[in-house]
file entry21.txt (compact mmCIF, C-alpha atoms and all ligand atoms)
# COMPACT_ATOMS: atom_id res chain seq x y z
CA MET A 22 -198.48 66.44 87.54
CA ASN A 23 -197.99 62.69 87.83
CA LYS A 24 -194.63 61.00 88.09
CA ALA A 25 -194.57 59.86 84.47
CA ASP A 26 -194.98 63.46 83.26
CA MET A 27 -192.51 64.83 85.78
CA PHE A 28 -189.67 62.76 84.40
CA GLN A 29 -190.22 62.98 80.68
CA SER A 30 -187.36 64.13 78.54
CA ILE A 31 -187.52 67.66 77.17
CA ASN A 32 -185.74 68.30 73.89
CA ARG A 33 -183.54 71.27 74.62
CA LYS A 34 -182.26 71.88 71.11
CA GLY A 35 -182.17 75.56 70.24
CA THR A 36 -182.06 76.78 73.84
CA TYR A 37 -178.28 77.34 73.75
CA THR A 38 -177.82 74.12 75.69
CA THR A 39 -174.34 72.61 75.86
CA LYS A 40 -175.64 69.06 75.69
CA TYR A 41 -177.67 69.57 72.48
CA ASP A 42 -176.34 72.68 70.80
CA ASP A 43 -172.66 71.85 71.27
CA ALA A 44 -173.03 68.21 70.21
CA LYS A 45 -171.96 68.82 66.62
CA LYS A 46 -168.75 70.50 67.74
CA LYS A 47 -168.01 67.70 70.17
CA PHE A 48 -168.93 64.64 68.14
CA GLY A 49 -168.65 65.89 64.57
CA ALA A 50 -172.30 65.02 63.93
CA ASP A 51 -175.59 66.43 65.11
CA ASP A 52 -177.84 63.49 64.35
CA LEU A 53 -176.93 61.63 67.53
CA LEU A 54 -178.70 61.28 70.86
CA PRO A 55 -176.86 63.50 73.34
CA LEU A 56 -176.15 61.47 76.48
CA TRP A 57 -173.05 63.26 77.66
CA VAL A 58 -172.50 66.47 79.68
CA ALA A 59 -173.70 66.12 83.27
CA ASP A 60 -177.06 67.76 83.36
CA MET A 61 -180.46 66.20 82.88
CA ASP A 62 -183.16 66.48 80.23
CA LEU A 63 -185.76 66.60 83.00
CA ALA A 64 -187.59 69.70 84.15
CA SER A 65 -186.52 71.22 87.45
CA PRO A 66 -189.06 70.76 90.25
CA LYS A 67 -192.16 72.92 90.20
CA CYS A 68 -191.03 74.83 93.30
CA VAL A 69 -187.91 75.97 91.42
CA GLN A 70 -189.86 76.90 88.26
CA ASP A 71 -192.30 78.93 90.36
CA ALA A 72 -189.48 80.71 92.17
CA MET A 73 -187.85 81.58 88.84
CA GLN A 74 -191.06 82.92 87.40
CA LYS A 75 -191.82 84.95 90.48
CA ARG A 76 -188.36 86.51 90.45
CA ALA A 77 -188.51 87.12 86.68
CA SER A 78 -191.82 88.92 87.05
CA HIS A 79 -190.09 91.60 89.08
CA PRO A 80 -188.66 93.83 86.35
CA LEU A 81 -185.25 94.55 87.85
CA TYR A 82 -182.29 92.22 87.95
CA GLY A 83 -179.60 94.25 89.65
CA TYR A 84 -176.89 93.50 92.19
CA THR A 85 -178.08 91.12 94.83
CA VAL A 86 -177.18 90.04 98.37
CA TYR A 87 -177.39 86.63 100.01
CA PRO A 88 -180.31 86.77 102.45
CA SER A 89 -180.21 84.85 105.73
CA ARG A 90 -182.86 82.58 104.19
CA TYR A 91 -180.16 81.37 101.76
CA TYR A 92 -177.86 80.30 104.59
CA ASP A 93 -180.77 78.75 106.53
CA ALA A 94 -181.71 76.71 103.46
CA ILE A 95 -178.19 75.24 103.15
CA GLN A 96 -177.93 74.57 106.90
CA ASN A 97 -181.28 72.79 106.94
CA TRP A 98 -180.49 70.77 103.82
CA MET A 99 -177.20 69.53 105.27
CA GLN A 100 -178.96 68.60 108.49
CA LYS A 101 -181.98 66.84 107.04
CA ARG A 102 -180.30 65.05 104.12
CA PHE A 103 -176.93 64.18 105.70
CA GLY A 104 -177.34 64.69 109.44
CA TRP A 105 -174.54 67.26 109.32
CA SER A 106 -174.98 70.27 111.55
CA ILE A 107 -173.15 73.28 110.14
CA GLU A 108 -172.75 76.92 111.20
CA LYS A 109 -173.89 79.75 109.00
CA GLU A 110 -170.41 81.34 109.09
CA TRP A 111 -168.88 78.26 107.51
CA ILE A 112 -170.76 78.81 104.24
CA VAL A 113 -169.00 80.71 101.46
CA PRO A 114 -171.16 81.21 98.36
CA CYS A 115 -169.51 80.79 94.97
CA TYR A 116 -170.50 80.58 91.30
CA GLY A 117 -169.33 77.05 90.62
CA VAL A 118 -167.65 74.06 92.19
CA VAL A 119 -164.88 74.03 89.57
CA PRO A 120 -163.99 77.67 90.30
CA SER A 121 -163.93 76.75 94.00
CA LEU A 122 -161.55 73.86 93.30
CA ASN A 123 -159.26 76.37 91.62
CA PHE A 124 -159.46 78.87 94.48
CA ALA A 125 -158.72 76.11 96.97
CA ILE A 126 -155.63 75.00 95.03
CA HIS A 127 -154.35 78.58 95.05
CA ALA A 128 -155.24 79.09 98.69
CA TYR A 129 -153.59 75.99 100.13
CA THR A 130 -150.69 75.11 97.86
CA LYS A 131 -147.87 76.77 95.99
CA GLU A 132 -146.22 75.99 92.65
CA GLY A 133 -144.56 72.60 92.68
CA ASP A 134 -146.63 71.24 95.58
CA ALA A 135 -148.06 67.78 95.08
CA ILE A 136 -151.81 67.14 94.99
CA ILE A 137 -153.49 63.73 95.07
CA VAL A 138 -156.35 62.91 92.70
CA GLN A 139 -158.01 59.61 91.87
CA THR A 140 -158.46 58.85 88.17
CA PRO A 141 -160.44 58.04 86.12
CA LEU A 142 -161.80 61.43 87.14
CA TYR A 143 -163.94 64.39 86.11
CA PRO A 144 -161.33 66.24 83.99
CA PRO A 145 -161.21 69.69 85.68
CA PHE A 146 -159.58 68.15 88.75
CA VAL A 147 -156.41 67.20 86.92
CA SER A 148 -156.40 70.17 84.55
CA SER A 149 -156.80 72.63 87.46
CA VAL A 150 -153.79 71.12 89.20
CA LYS A 151 -151.71 71.19 86.03
CA HIS A 152 -152.71 74.73 85.04
CA LYS A 153 -151.51 75.95 88.40
CA LYS A 154 -148.17 74.18 87.99
CA ARG A 155 -148.75 71.85 90.90
CA LYS A 156 -147.73 68.23 90.66
CA VAL A 157 -150.42 65.62 90.00
CA LEU A 158 -150.14 62.51 92.17
CA ASP A 159 -152.55 60.01 90.72
CA ASN A 160 -153.82 57.44 93.19
CA THR A 161 -155.47 55.55 90.32
CA LEU A 162 -158.62 53.72 91.37
CA VAL A 163 -158.45 49.96 91.03
CA TYR A 164 -161.10 48.19 88.96
CA GLU A 165 -161.39 44.63 90.16
CA ASN A 166 -164.21 42.10 90.09
CA GLY A 167 -166.50 44.61 88.43
CA THR A 168 -166.08 47.38 90.97
CA TYR A 169 -163.73 50.22 91.89
CA HIS A 170 -161.75 50.50 95.08
CA ILE A 171 -158.96 52.62 96.50
CA ASP A 172 -155.37 51.42 96.62
CA PHE A 173 -154.68 52.57 100.18
CA GLU A 174 -151.04 51.53 100.19
CA ASP A 175 -150.40 53.70 97.17
CA PHE A 176 -152.47 56.50 98.72
CA GLU A 177 -150.38 56.40 101.88
CA ALA A 178 -147.14 56.54 99.92
CA LYS A 179 -148.39 59.50 97.90
CA ALA A 180 -149.72 61.28 100.99
CA LYS A 181 -146.15 61.50 102.31
CA GLU A 182 -145.35 63.85 99.44
CA ALA A 183 -148.70 65.63 99.11
CA THR A 184 -150.04 68.90 100.53
CA LEU A 185 -153.60 68.49 99.32
CA PHE A 186 -156.04 65.75 98.34
CA LEU A 187 -158.86 66.59 95.93
CA LEU A 188 -161.52 64.06 96.80
CA CYS A 189 -164.49 63.49 94.52
CA SER A 190 -167.30 62.11 96.70
CA PRO A 191 -169.43 60.60 95.25
CA HIS A 192 -167.00 59.91 92.49
CA ASN A 193 -167.52 60.98 88.89
CA PRO A 194 -167.27 59.02 86.56
CA THR A 195 -167.12 55.70 88.42
CA SER A 196 -170.27 56.59 90.42
CA ARG A 197 -168.76 55.13 93.60
CA ALA A 198 -170.33 56.42 96.82
CA TRP A 199 -167.49 56.00 99.29
CA ASN A 200 -168.28 53.95 102.40
CA LYS A 201 -167.74 55.36 105.85
CA GLU A 202 -164.86 52.92 106.38
CA GLU A 203 -163.12 54.00 103.18
CA LEU A 204 -163.43 57.66 104.13
CA GLU A 205 -162.16 56.92 107.62
CA ARG A 206 -159.05 55.26 106.22
CA LEU A 207 -158.41 58.22 103.91
CA ILE A 208 -158.91 60.60 106.82
CA GLU A 209 -156.50 58.69 109.06
CA ILE A 210 -153.79 58.82 106.42
CA CYS A 211 -154.37 62.49 105.63
CA LEU A 212 -154.26 63.46 109.29
CA GLN A 213 -151.14 61.42 109.87
CA GLU A 214 -149.39 62.98 106.85
CA ASN A 215 -150.84 66.46 107.33
CA VAL A 216 -152.69 66.50 104.01
CA LEU A 217 -155.65 68.83 103.65
CA ILE A 218 -158.79 67.42 102.00
CA VAL A 219 -160.86 69.44 99.57
CA ALA A 220 -163.96 67.38 98.80
CA ASP A 221 -166.17 67.99 95.78
CA GLU A 222 -169.54 66.64 96.94
CA ILE A 223 -171.68 68.05 94.13
CA HIS A 224 -173.23 64.61 93.51
CA ALA A 225 -174.04 63.94 97.18
CA ASP A 226 -177.81 64.25 96.80
CA VAL A 227 -178.08 61.40 94.33
CA VAL A 228 -176.79 58.36 96.20
CA TYR A 229 -178.97 55.27 95.88
CA GLU A 230 -178.77 52.44 98.38
CA LYS A 231 -176.25 54.00 100.76
CA LEU A 232 -175.77 57.09 102.88
CA HIS A 233 -173.57 59.92 101.75
CA HIS A 234 -171.03 60.81 104.44
CA SER A 235 -169.74 64.32 104.01
CA ILE A 236 -166.05 64.54 104.74
CA GLY A 237 -166.85 67.61 106.83
CA SER A 238 -169.15 65.65 109.10
CA PHE A 239 -166.25 63.68 110.57
CA GLU A 240 -165.34 65.40 113.82
CA LYS A 241 -161.63 64.92 113.17
CA MET A 242 -161.82 66.86 109.92
CA MET A 243 -163.21 70.09 111.37
CA HIS A 244 -159.90 71.90 110.89
CA LYS A 245 -158.59 69.95 107.94
CA CYS A 246 -161.16 70.10 105.17
CA VAL A 247 -163.11 72.14 102.68
CA VAL A 248 -166.40 70.82 101.31
CA LEU A 249 -167.75 72.03 97.96
CA ASN A 250 -171.36 71.53 97.02
CA ALA A 251 -174.22 72.91 94.94
CA PRO A 252 -177.87 72.23 94.10
CA SER A 253 -176.99 72.37 90.41
CA LYS A 254 -176.73 68.68 89.47
CA THR A 255 -179.57 67.59 91.72
CA PHE A 256 -182.19 70.09 90.57
CA ASN A 257 -180.91 70.65 87.05
CA ILE A 258 -179.97 74.28 87.52
CA ALA A 259 -176.29 74.17 86.50
CA GLY A 260 -176.81 77.15 84.18
CA LEU A 261 -177.56 79.35 87.19
CA ASN A 262 -173.97 79.14 88.44
CA THR A 263 -174.73 78.77 92.10
CA SER A 264 -172.59 76.77 94.49
CA TYR A 265 -170.96 77.11 97.89
CA ALA A 266 -168.03 75.99 99.99
CA ILE A 267 -168.42 74.84 103.59
CA ILE A 268 -165.26 75.56 105.56
CA PRO A 269 -165.54 75.01 109.33
CA ASP A 270 -162.01 76.16 110.17
CA THR A 271 -161.70 79.96 110.39
CA ARG A 272 -158.12 80.19 109.15
CA LEU A 273 -158.77 77.91 106.17
CA ARG A 274 -161.94 79.84 105.40
CA HIS A 275 -160.18 83.20 105.36
CA LYS A 276 -157.46 81.87 103.09
CA TYR A 277 -160.08 80.56 100.70
CA ILE A 278 -162.14 83.78 100.74
CA LEU A 279 -159.03 85.81 99.98
CA GLU A 280 -158.42 83.78 96.80
CA GLN A 281 -162.03 84.07 95.74
CA ASP A 282 -161.95 87.83 96.33
CA LYS A 283 -158.70 88.16 94.41
CA SER A 284 -160.37 86.71 91.32
CA GLY A 285 -162.38 89.91 91.08
CA ILE A 286 -165.51 88.02 90.11
CA THR A 287 -168.60 88.68 92.17
CA ASN A 288 -171.22 86.03 92.07
CA GLU A 289 -174.52 87.11 93.54
CA ASN A 290 -176.93 85.79 90.92
CA PRO A 291 -180.54 86.62 91.84
CA PHE A 292 -181.97 83.61 90.02
CA GLY A 293 -179.43 81.21 91.47
CA ILE A 294 -180.19 82.35 95.00
CA GLU A 295 -183.95 81.91 94.51
CA ALA A 296 -183.45 78.52 92.89
CA LEU A 297 -181.26 77.26 95.71
CA MET A 298 -183.65 78.42 98.39
CA SER A 299 -186.75 76.96 96.80
CA ALA A 300 -185.02 73.66 95.92
CA TYR A 301 -183.59 73.13 99.38
CA GLU A 302 -186.78 74.23 101.13
CA GLU A 303 -189.31 72.34 99.06
CA GLY A 304 -187.47 69.96 96.75
CA ASP A 305 -187.28 66.87 98.98
CA VAL A 306 -190.24 64.96 97.61
CA TRP A 307 -189.27 65.67 94.01
CA LEU A 308 -185.71 64.54 94.70
CA ASP A 309 -186.83 61.26 96.23
CA ALA A 310 -189.05 60.62 93.19
CA LEU A 311 -186.18 61.55 90.87
CA LYS A 312 -183.95 58.95 92.48
CA VAL A 313 -186.59 56.26 91.90
CA HIS A 314 -186.84 57.34 88.26
CA LEU A 315 -183.06 57.26 87.80
CA GLN A 316 -182.82 53.83 89.40
CA GLU A 317 -185.44 52.55 86.98
CA ASN A 318 -183.38 53.94 84.12
CA ILE A 319 -180.23 52.27 85.44
CA ARG A 320 -182.06 48.95 85.78
CA TYR A 321 -183.48 49.28 82.29
CA VAL A 322 -180.07 49.84 80.66
CA LYS A 323 -178.41 47.06 82.65
CA THR A 324 -181.17 44.57 81.90
CA PHE A 325 -181.20 45.49 78.22
CA LEU A 326 -177.45 44.97 77.83
CA GLU A 327 -177.61 41.64 79.66
CA THR A 328 -180.73 40.34 77.92
CA HIS A 329 -179.28 41.03 74.50
CA GLY A 330 -175.89 39.65 75.46
CA LEU A 331 -174.06 42.80 74.40
CA PRO A 332 -170.36 42.88 75.29
CA ILE A 333 -170.75 45.86 77.63
CA LYS A 334 -170.68 45.59 81.42
CA VAL A 335 -172.22 48.11 83.74
CA VAL A 336 -170.10 49.25 86.68
CA PRO A 337 -172.53 49.33 89.65
CA THR A 338 -174.06 52.82 89.78
CA GLU A 339 -174.03 53.73 93.46
CA ALA A 340 -174.60 57.44 92.89
CA THR A 341 -175.09 60.14 90.21
CA PHE A 342 -177.11 60.02 86.99
CA LEU A 343 -173.99 58.91 85.12
CA MET A 344 -173.42 55.26 84.28
CA TRP A 345 -169.85 54.12 83.75
CA ILE A 346 -169.84 51.28 81.28
CA ASP A 347 -167.03 48.86 80.57
CA CYS A 348 -166.75 48.30 76.81
CA ARG A 349 -163.39 46.52 76.81
CA ASP A 350 -164.92 43.21 75.73
CA MET A 351 -165.78 44.87 72.41
CA GLY A 352 -162.07 44.56 71.62
CA LEU A 353 -161.81 48.04 70.04
CA ASN A 354 -159.14 50.67 70.53
CA HIS A 355 -160.07 54.18 71.64
CA GLU A 356 -160.68 55.59 68.15
CA GLU A 357 -162.67 52.55 67.05
CA LEU A 358 -164.78 52.61 70.20
CA THR A 359 -165.71 56.28 69.92
CA HIS A 360 -166.33 55.87 66.19
CA PHE A 361 -168.70 52.98 66.95
CA PHE A 362 -170.70 55.00 69.49
CA TYR A 363 -170.77 58.32 67.63
CA HIS A 364 -171.08 57.26 64.02
CA LYS A 365 -172.59 53.76 64.07
CA ALA A 366 -174.87 53.82 67.13
CA LYS A 367 -175.32 57.60 66.85
CA LEU A 368 -175.00 58.01 70.59
CA GLY A 369 -173.15 60.96 72.13
CA LEU A 370 -171.57 59.56 75.29
CA ASN A 371 -168.45 60.89 77.04
CA ASP A 372 -165.45 58.78 76.11
CA GLY A 373 -163.58 57.12 78.95
CA MET A 374 -160.17 58.46 77.98
CA SER A 375 -161.33 62.02 78.64
CA PHE A 376 -161.29 61.02 82.33
CA GLY A 377 -157.66 59.96 82.09
CA ASP A 378 -155.83 56.92 80.74
CA ALA A 379 -157.47 54.76 83.40
CA GLY A 380 -160.74 55.32 81.55
CA GLU A 381 -159.59 53.60 78.37
CA GLY A 382 -162.21 51.16 77.08
CA PHE A 383 -165.00 52.76 79.14
CA MET A 384 -167.76 55.20 78.24
CA ARG A 385 -169.93 57.44 80.44
CA LEU A 386 -173.66 57.33 79.77
CA ASN A 387 -175.91 60.09 81.14
CA ILE A 388 -179.22 58.49 82.16
CA GLY A 389 -180.69 61.73 83.52
CA THR A 390 -183.35 61.68 80.85
CA GLY A 391 -186.73 60.17 80.10
CA LYS A 392 -187.03 56.40 79.83
CA GLU A 393 -188.21 56.83 76.22
CA VAL A 394 -184.82 58.31 75.27
CA LEU A 395 -182.98 55.36 76.76
CA VAL A 396 -185.28 52.92 74.97
CA LEU A 397 -184.31 54.61 71.72
CA ALA A 398 -180.64 54.69 72.70
CA MET A 399 -180.58 50.97 73.45
CA GLN A 400 -182.31 50.19 70.15
CA GLN A 401 -179.70 52.22 68.27
CA LEU A 402 -176.94 50.44 70.16
CA LEU A 403 -178.40 47.02 69.37
CA HIS A 404 -178.77 47.86 65.69
CA ALA A 405 -175.19 49.09 65.54
CA PHE A 406 -173.97 45.81 67.03
CA LYS A 407 -176.07 43.80 64.59
CA ALA A 408 -174.83 45.83 61.64
CA ASN A 409 -171.25 45.35 62.80
CA THR A 410 -171.35 41.55 63.00
C1 LIG A 501 -167.70 66.11 90.22
C2 LIG A 501 -168.11 67.40 89.57
N1 LIG A 501 -167.69 68.55 90.09
C3 LIG A 501 -168.04 69.75 89.55
C4 LIG A 501 -168.85 69.80 88.43
C5 LIG A 501 -169.20 71.12 87.84
O1 LIG A 501 -169.56 72.02 88.83
P1 LIG A 501 -169.81 73.54 88.52
O2 LIG A 501 -170.67 73.62 87.30
O3 LIG A 501 -170.48 74.03 89.75
O4 LIG A 501 -168.46 74.17 88.32
C6 LIG A 501 -169.30 68.61 87.86
C7 LIG A 501 -170.12 68.63 86.64
O5 LIG A 501 -170.26 67.66 85.96
C8 LIG A 501 -168.94 67.39 88.46
O6 LIG A 501 -169.37 66.22 87.96
call {"tool": "encode", "arguments": {"input": "entry21.txt", "output": "structure tokens"}}
result
Amino acid sequence: MNKADMFQSINRKGTYTTKYDDAKKKFGADDLLPLWVADMDLASPKCVQDAMQKRASHPLYGYTVYPSRYYDAIQNWMQKRFGWSIEKEWIVPCYGVVPSLNFAIHAYTKEGDAIIVQTPLYPPFVSSVKHKKRKVLDNTLVYENGTYHIDFEDFEAKAKEATLFLLCSPHNPTSRAWNKEELERLIEICLQENVLIVADEIHADVVYEKLHHSIGSFEKMMHKCVVLNAPSKTFNIAGLNTSYAIIPDTRLRHKYILEQDKSGITNENPFGIEALMSAYEEGDVWLDALKVHLQENIRYVKTFLETHGLPIKVVPTEATFLMWIDCRDMGLNHEELTHFFYHKAKLGLNDGMSFGDAGEGFMRLNIGTGKEVLVLAMQQLLHAFKANT
């Protein structure tokens, strides 16, 4: 299959897909292009499809164990993609990164403890903290000169009160891939103030011009961090509910495992295990091609908006297949902005406010689709602007 075919959009309507089949509920209309929830319209790599078909052809789908091949696949992936050498014992399989965030909050904090997050942010971070009656300390990211950065002074002040820091790296929705220097400063402060870091690195595989530095790969963090990851975003297998935590420190690991066990939910999913192994063993070439495709999509959207002089600025997309766009020059309030996108342009994007107040005036555009879908999306956007003026 050539590259053009590999990255064509597949209409998923009618396959019980959140992105398509839940669009009406979310946007109040079902005639819009769904460019929201964070999975892609692109087929998973052939190696994953083959592994699924092979497993499906065996007619029994009973309780399953994690084979050593599963752990090898994760170890090798961490080594070859991020230069991080991990031990097999550090890996704790789970059925989702969000569940792991919740287990970690339970494991390492108690009611009333303060937890740092950085908004605008993928909503389950803040809601998980609130649901567990912990205190949210928002080290709001600063948007300046068209890019986001961390307010370290504020972070340091908040770290004095905090027990835990939930780091999103790369960051969703701003698509920042944190530099080594930024991570080092965060680490210094957290070590000094005795704040544990739980890092959600689910988007680590899709970083464009930079390297992803796992928080766990910093020697100093060996006994002070938990890393959460999954092949789900990268290989478009989120429906298989397969993720893992990497916890180098034995005591922290046991605390985490206890919480996961207490939930009573077992998570050995035979398809998820096969998908992870095949993706991590054979998915490299596909992933590199995917990143080229996504970069072309990002360039296309950016160029289109600029060429047509539309009052929307693109925040530089350093990672993820999610573009964070600054619509504040449109001069609309939240309701007017979402109405414009959903009912005039007929585009189903995530609204910025759903990532916290700091997201007001922004929208999140999922470009994990075929170029042809984005061409259509940009045409619809342009027409909506023309009709509005
Ligand atoms: C930063 C981040 N973490 C976690 C998730 C969801 O992970 P899971 O489906 O494994 O719970 C997402 C999905 O969009 C995400 O963007």
call {"tool": "atom_distance", "arguments": {"input": "entry21.txt", "atom1": "atom CA of Phe383 of chain A", "atom2": "atom CA of Glu205 of chain A"}}
result
28.9 Å
call {"tool": "closest_residue", "arguments": {"input": "entry21.txt", "among": "A:Val247, A:Ala135, A:Val306, A:Ala266", "to": "ligand LIG 501 (chain A)", "atoms": "all atoms listed in the file"}}
result
A:Ala266
call {"tool": "closest_residue", "arguments": {"input": "entry21.txt", "among": "A:Glu327, A:Glu357, A:Asp372, A:Glu222", "to": "Asn409 of chain A", "atoms": "all atoms listed in the file"}}
result
A:Glu357
call {"tool": "atom_distance", "arguments": {"input": "entry21.txt", "atom1": "atom CA of Glu174 of chain A", "atom2": "atom CA of Tyr143 of chain A"}}
result
23.0 Å
call {"tool": "atom_distance", "arguments": {"input": "entry21.txt", "atom1": "atom CA of Gln401 of chain A", "atom2": "atom CA of Pro337 of chain A"}}
result
22.7 Å
call {"tool": "residues_near_ligand", "arguments": {"input": "entry21.txt", "ligand": "ligand LIG 501 (chain A)", "cutoff": "9 Å", "atoms": "all atoms listed in the file", "output": "PDB file with C-alpha atoms, in the coordinates of the input"}}
result
ATOM      1  CA  VAL A  58    -172.500  66.470  79.680  1.00  0.00           C
ATOM      2  CA  ALA A  59    -173.700  66.120  83.270  1.00  0.00           C
ATOM      3  CA  ASP A  60    -177.060  67.760  83.360  1.00  0.00           C
ATOM      4  CA  CYS A 115    -169.510  80.790  94.970  1.00  0.00           C
ATOM      5  CA  TYR A 116    -170.500  80.580  91.300  1.00  0.00           C
ATOM      6  CA  GLY A 117    -169.330  77.050  90.620  1.00  0.00           C
ATOM      7  CA  VAL A 118    -167.650  74.060  92.190  1.00  0.00           C
ATOM      8  CA  VAL A 119    -164.880  74.030  89.570  1.00  0.00           C
ATOM      9  CA  PRO A 120    -163.990  77.670  90.300  1.00  0.00           C
ATOM     10  CA  SER A 121    -163.930  76.750  94.000  1.00  0.00           C
ATOM     11  CA  LEU A 122    -161.550  73.860  93.300  1.00  0.00           C
ATOM     12  CA  LEU A 142    -161.800  61.430  87.140  1.00  0.00           C
ATOM     13  CA  TYR A 143    -163.940  64.390  86.110  1.00  0.00           C
ATOM     14  CA  PRO A 144    -161.330  66.240  83.990  1.00  0.00           C
ATOM     15  CA  PRO A 145    -161.210  69.690  85.680  1.00  0.00           C
ATOM     16  CA  PHE A 146    -159.580  68.150  88.750  1.00  0.00           C
ATOM     17  CA  CYS A 189    -164.490  63.490  94.520  1.00  0.00           C
ATOM     18  CA  SER A 190    -167.300  62.110  96.700  1.00  0.00           C
ATOM     19  CA  PRO A 191    -169.430  60.600  95.250  1.00  0.00           C
ATOM     20  CA  HIS A 192    -167.000  59.910  92.490  1.00  0.00           C
ATOM     21  CA  ASN A 193    -167.520  60.980  88.890  1.00  0.00           C
ATOM     22  CA  PRO A 194    -167.270  59.020  86.560  1.00  0.00           C
ATOM     23  CA  ASP A 221    -166.170  67.990  95.780  1.00  0.00           C
ATOM     24  CA  GLU A 222    -169.540  66.640  96.940  1.00  0.00           C
ATOM     25  CA  ILE A 223    -171.680  68.050  94.130  1.00  0.00           C
ATOM     26  CA  HIS A 224    -173.230  64.610  93.510  1.00  0.00           C
ATOM     27  CA  LEU A 249    -167.750  72.030  97.960  1.00  0.00           C
ATOM     28  CA  ASN A 250    -171.360  71.530  97.020  1.00  0.00           C
ATOM     29  CA  ALA A 251    -174.220  72.910  94.940  1.00  0.00           C
ATOM     30  CA  PRO A 252    -177.870  72.230  94.100  1.00  0.00           C
ATOM     31  CA  SER A 253    -176.990  72.370  90.410  1.00  0.00           C
ATOM     32  CA  LYS A 254    -176.730  68.680  89.470  1.00  0.00           C
ATOM     33  CA  ALA A 259    -176.290  74.170  86.500  1.00  0.00           C
ATOM     34  CA  GLY A 260    -176.810  77.150  84.180  1.00  0.00           C
ATOM     35  CA  LEU A 261    -177.560  79.350  87.190  1.00  0.00           C
ATOM     36  CA  ASN A 262    -173.970  79.140  88.440  1.00  0.00           C
ATOM     37  CA  THR A 263    -174.730  78.770  92.100  1.00  0.00           C
ATOM     38  CA  SER A 264    -172.590  76.770  94.490  1.00  0.00           C
ATOM     39  CA  TYR A 265    -170.960  77.110  97.890  1.00  0.00           C
ATOM     40  CA  THR A 341    -175.090  60.140  90.210  1.00  0.00           C
TER      41      THR A 341
END
call {"tool": "closest_residue", "arguments": {"input": "entry21.txt", "among": "A:Glu240, A:Asp159, A:Asp172, A:Asp350", "to": "Pro141 of chain A", "atoms": "only C-alpha atoms"}}
result
A:Asp159
call {"tool": "residues_around", "arguments": {"input": "entry21.txt", "residues": "Cys348 of chain A", "least_positions_apart": "4", "cutoff": "7 Å", "atoms": "all atoms listed in the file", "output": "CSV table (one decimal) with C-alpha atoms, in the frame of the given file"}}
result
chain,number,residue,atom,x,y,z
A,332,PRO,CA,-170.4,42.9,75.3
A,333,ILE,CA,-170.8,45.9,77.6
A,334,LYS,CA,-170.7,45.6,81.4
A,382,GLY,CA,-162.2,51.2,77.1
A,383,PHE,CA,-165.0,52.8,79.1
call {"tool": "residues_around", "arguments": {"input": "entry21.txt", "residues": "segment 343-346 of chain A", "least_positions_apart": "6", "cutoff": "6 Å", "atoms": "only C-alpha atoms", "output": "list in words"}}
result
Thr195, Lys334, Val335, Val336, Phe383, Met384, Arg385, Leu386 and Asn387 of chain A
call {"tool": "closest_residue", "arguments": {"input": "entry21.txt", "among": "A:Lys231, A:Lys67, A:Lys47, A:Lys153", "to": "Tyr129 of chain A", "atoms": "only C-alpha atoms"}}
result
A:Lys153
call {"tool": "closest_residue", "arguments": {"input": "entry21.txt", "among": "A:Arg155, A:Lys45, A:Lys245, A:Arg274", "to": "Ala220 of chain A", "atoms": "all atoms listed in the file"}}
result
A:Lys245
call {"tool": "residues_around", "arguments": {"input": "entry21.txt", "residues": "Met399 of chain A", "least_positions_apart": "6", "cutoff": "12 Å", "atoms": "only C-alpha atoms", "output": "JSON list (two decimals) with C-alpha atoms, in the frame of the given file"}}
result
[["chain", "number", "residue", "atom", "x", "y", "z"],
["A", 54, "LEU", "CA", -178.70, 61.28, 70.86],
["A", 56, "LEU", "CA", -176.15, 61.47, 76.48],
["A", 318, "ASN", "CA", -183.38, 53.94, 84.12],
["A", 321, "TYR", "CA", -183.48, 49.28, 82.29],
["A", 322, "VAL", "CA", -180.07, 49.84, 80.66],
["A", 323, "LYS", "CA", -178.41, 47.06, 82.65],
["A", 324, "THR", "CA", -181.17, 44.57, 81.90],
["A", 325, "PHE", "CA", -181.20, 45.49, 78.22],
["A", 326, "LEU", "CA", -177.45, 44.97, 77.83],
["A", 327, "GLU", "CA", -177.61, 41.64, 79.66],
["A", 328, "THR", "CA", -180.73, 40.34, 77.92],
["A", 329, "HIS", "CA", -179.28, 41.03, 74.50],
["A", 331, "LEU", "CA", -174.06, 42.80, 74.40],
["A", 333, "ILE", "CA", -170.75, 45.86, 77.63],
["A", 362, "PHE", "CA", -170.70, 55.00, 69.49],
["A", 366, "ALA", "CA", -174.87, 53.82, 67.13],
["A", 367, "LYS", "CA", -175.32, 57.60, 66.85],
["A", 368, "LEU", "CA", -175.00, 58.01, 70.59],
["A", 386, "LEU", "CA", -173.66, 57.33, 79.77],
["A", 388, "ILE", "CA", -179.22, 58.49, 82.16],
["A", 392, "LYS", "CA", -187.03, 56.40, 79.83],
["A", 393, "GLU", "CA", -188.21, 56.83, 76.22],
["A", 405, "ALA", "CA", -175.19, 49.09, 65.54],
["A", 406, "PHE", "CA", -173.97, 45.81, 67.03]]
call {"tool": "residues_around", "arguments": {"input": "entry21.txt", "residues": "Lys75 of chain A", "least_positions_apart": "3", "cutoff": "12 Å", "atoms": "all atoms listed in the file", "output": "ChimeraX atom specification"}}
result
/A:68-72,78-81,291-292,295-296,299
call {"tool": "residues_near_point", "arguments": {"input": "entry21.txt", "point": "(-160.1, 65.8, 105.7)", "cutoff": "10 Å", "atoms": "all atoms listed in the file", "output": "number ranges by chain"}}
result
A: 185-188, 204-205, 207-212, 215-220, 235-248
call {"tool": "closest_residue", "arguments": {"input": "entry21.txt", "among": "A:Val394, A:Ile294, A:Val227, A:Ala180", "to": "Arg197 of chain A", "atoms": "all atoms listed in the file"}}
result
A:Val227
